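Worksheet: the structure to be examined is printed underneath.
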Amino acid sequence: MGLTSNKVLLLSVLFALLLFFGTVWLWPRLAKRGWRAVSGRIGLLLATQLALFASIGLSANQAFGFYASWADLFGQETDQGVVVDHAAGGAPAGPLQVVDTRRVDGGAGGRPQIGGQIQKIAVQGRTTHIATPAYVYLPPEYFAPEYRTRTFPAAVVLTGYPGTAEALVDKLNYPRTARQLAKDGRMQPMILVMMRPTVAPPRDTECVDIPGGPQTESFFAKDLPDAVTAHYRVGKKPGSWGIIGDSTGGYCALKLAMHHPEVYAAGAGLSAYYKAPIDPTTGDLFQGNKELRNEADLLWYLKNRSAPKTSLLVTSSKEGESNYKATLKFIGLAKATGRTRISSIILESGGHNFNTWRREIPPTLEWVSGRLSDR
């Protein structure tokens, strides 16, 4: 049974309840001074506490999608590569392969021209050799006969760290929200490429080209757009691509739009921070290179580099988010450039969590859609 299975959660809750009632039942028998009785009481208390914490942890993981599997939880993720099949005659397959399809509302089958389709894909970077899975949402219009020659704008959607791509589909509901907004005429039909920024798990690379390590920024700036454009009907002009992310993904989205405005015409950071951290999950991202560290500091970048000609959206809340003051400073610096277009969503209150981001996703999708071209 998988880490996110409802059966696992139910069994953990039942086990915690059994231990609780077992402790109440057995406590009178263990109310003695001997070492066996004391050891028994300690054992029951520890087992009950561990079972309770496990239940709470599994429930939180179900709600927020921190880890997708047991291997992911224990840092033993093995789904890092792409199985490259070879076509007849020995010709190698392309950098993007579709490995599964599903309806937007779950399950298989259905008419994609009515409800759209979600495709699970495997991407292999041609220049960076980074291999990672992702989910692609194709709107109903993509399959409609009258749109068969039309190209569509696309947006990369990134999770936080550690995060799971599945959470973008099933918890944050990006495909369902995009479909409904387009149906209501509030945004244009748009392709979404949903994935986590952790393309070299378990390391948190912060979308940085690490000296001697994964070239993550180059993957998102070059390899991913090239692979998607080659496989799907995405507009080829610079104004056809946007990027959205939350938390770590939000930092990545803003940085990629700022560093590569020729690729991403718009970048939205939900609850983003503005400087790459250095901690046990990242390791030394810059290998002591001060210039690389400064380039990855978005506040420093706005003050010391030529202002990028792109559109940026940042979000925060007055109560509940630690990035509020930094966000106001970022907005001020961006406005002062006179070249970078800056927008914001500032809530009165809202924590660093899915509930807050669900409130921000609909206006964010509308905002991104309004800044992208389908040609």
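Going through the structure tokens in order, the chains are called A, B, and so on, while each chain numbers its residues from 1 and the ligands are numbered from 1 in the order shown.
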Contacts of Thr282 (chain A) at 8 Å or less, counting only C-alpha atoms, minus same-chain residues fewer than 6 places along, as a ChimeraX atom specification?
/A:203-206
List the neighbours of Lys255 (chain A) out to 10 Å using only C-alpha atoms; skip same-chain residues closer than 2 positions along the sequence, and give me the result as a ChimeraX atom specification.
/A:206-208,217,249-253,257-261,267-269,274-275,295-298,301,312
Excluding same-chain residues fewer than 3 positions from Arg339 (chain A), what lies within 7 Å of it counting only C-alpha atoms, as a compact mmCIF listing (two decimals) with C-alpha atoms, in the first residue's frame?
```txt
# COMPACT_ATOMS: atom_id res chain seq x y z
CA ALA A 307 15.63 45.25 -15.62
CA PRO A 308 14.12 42.27 -17.43
CA LYS A 309 11.27 43.00 -19.84
```
Residues within 9 Å of region 35-51 of chain A, please, as a PyMOL selection string. Count only C-alpha atoms; anything in the same chain fewer than 6 positions from it doesn't count.
chain A and resi 12-13+15-20+22-23+26-27+29
For Pro238 (chain A), which residue among A:Ser218, A:Asn173, A:Ser373, A:Thr364 is the nearest when counting only C-alpha atoms?
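Among the listed residues, the smallest separation from Pro238 (chain A) belongs to A:Ser373.
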Which residue gives the smallest distance to Ala272 (chain A) among A:Gln215, A:Thr151, A:Gln180, A:Thr248, with only C-alpha atoms counted?
A:Thr248
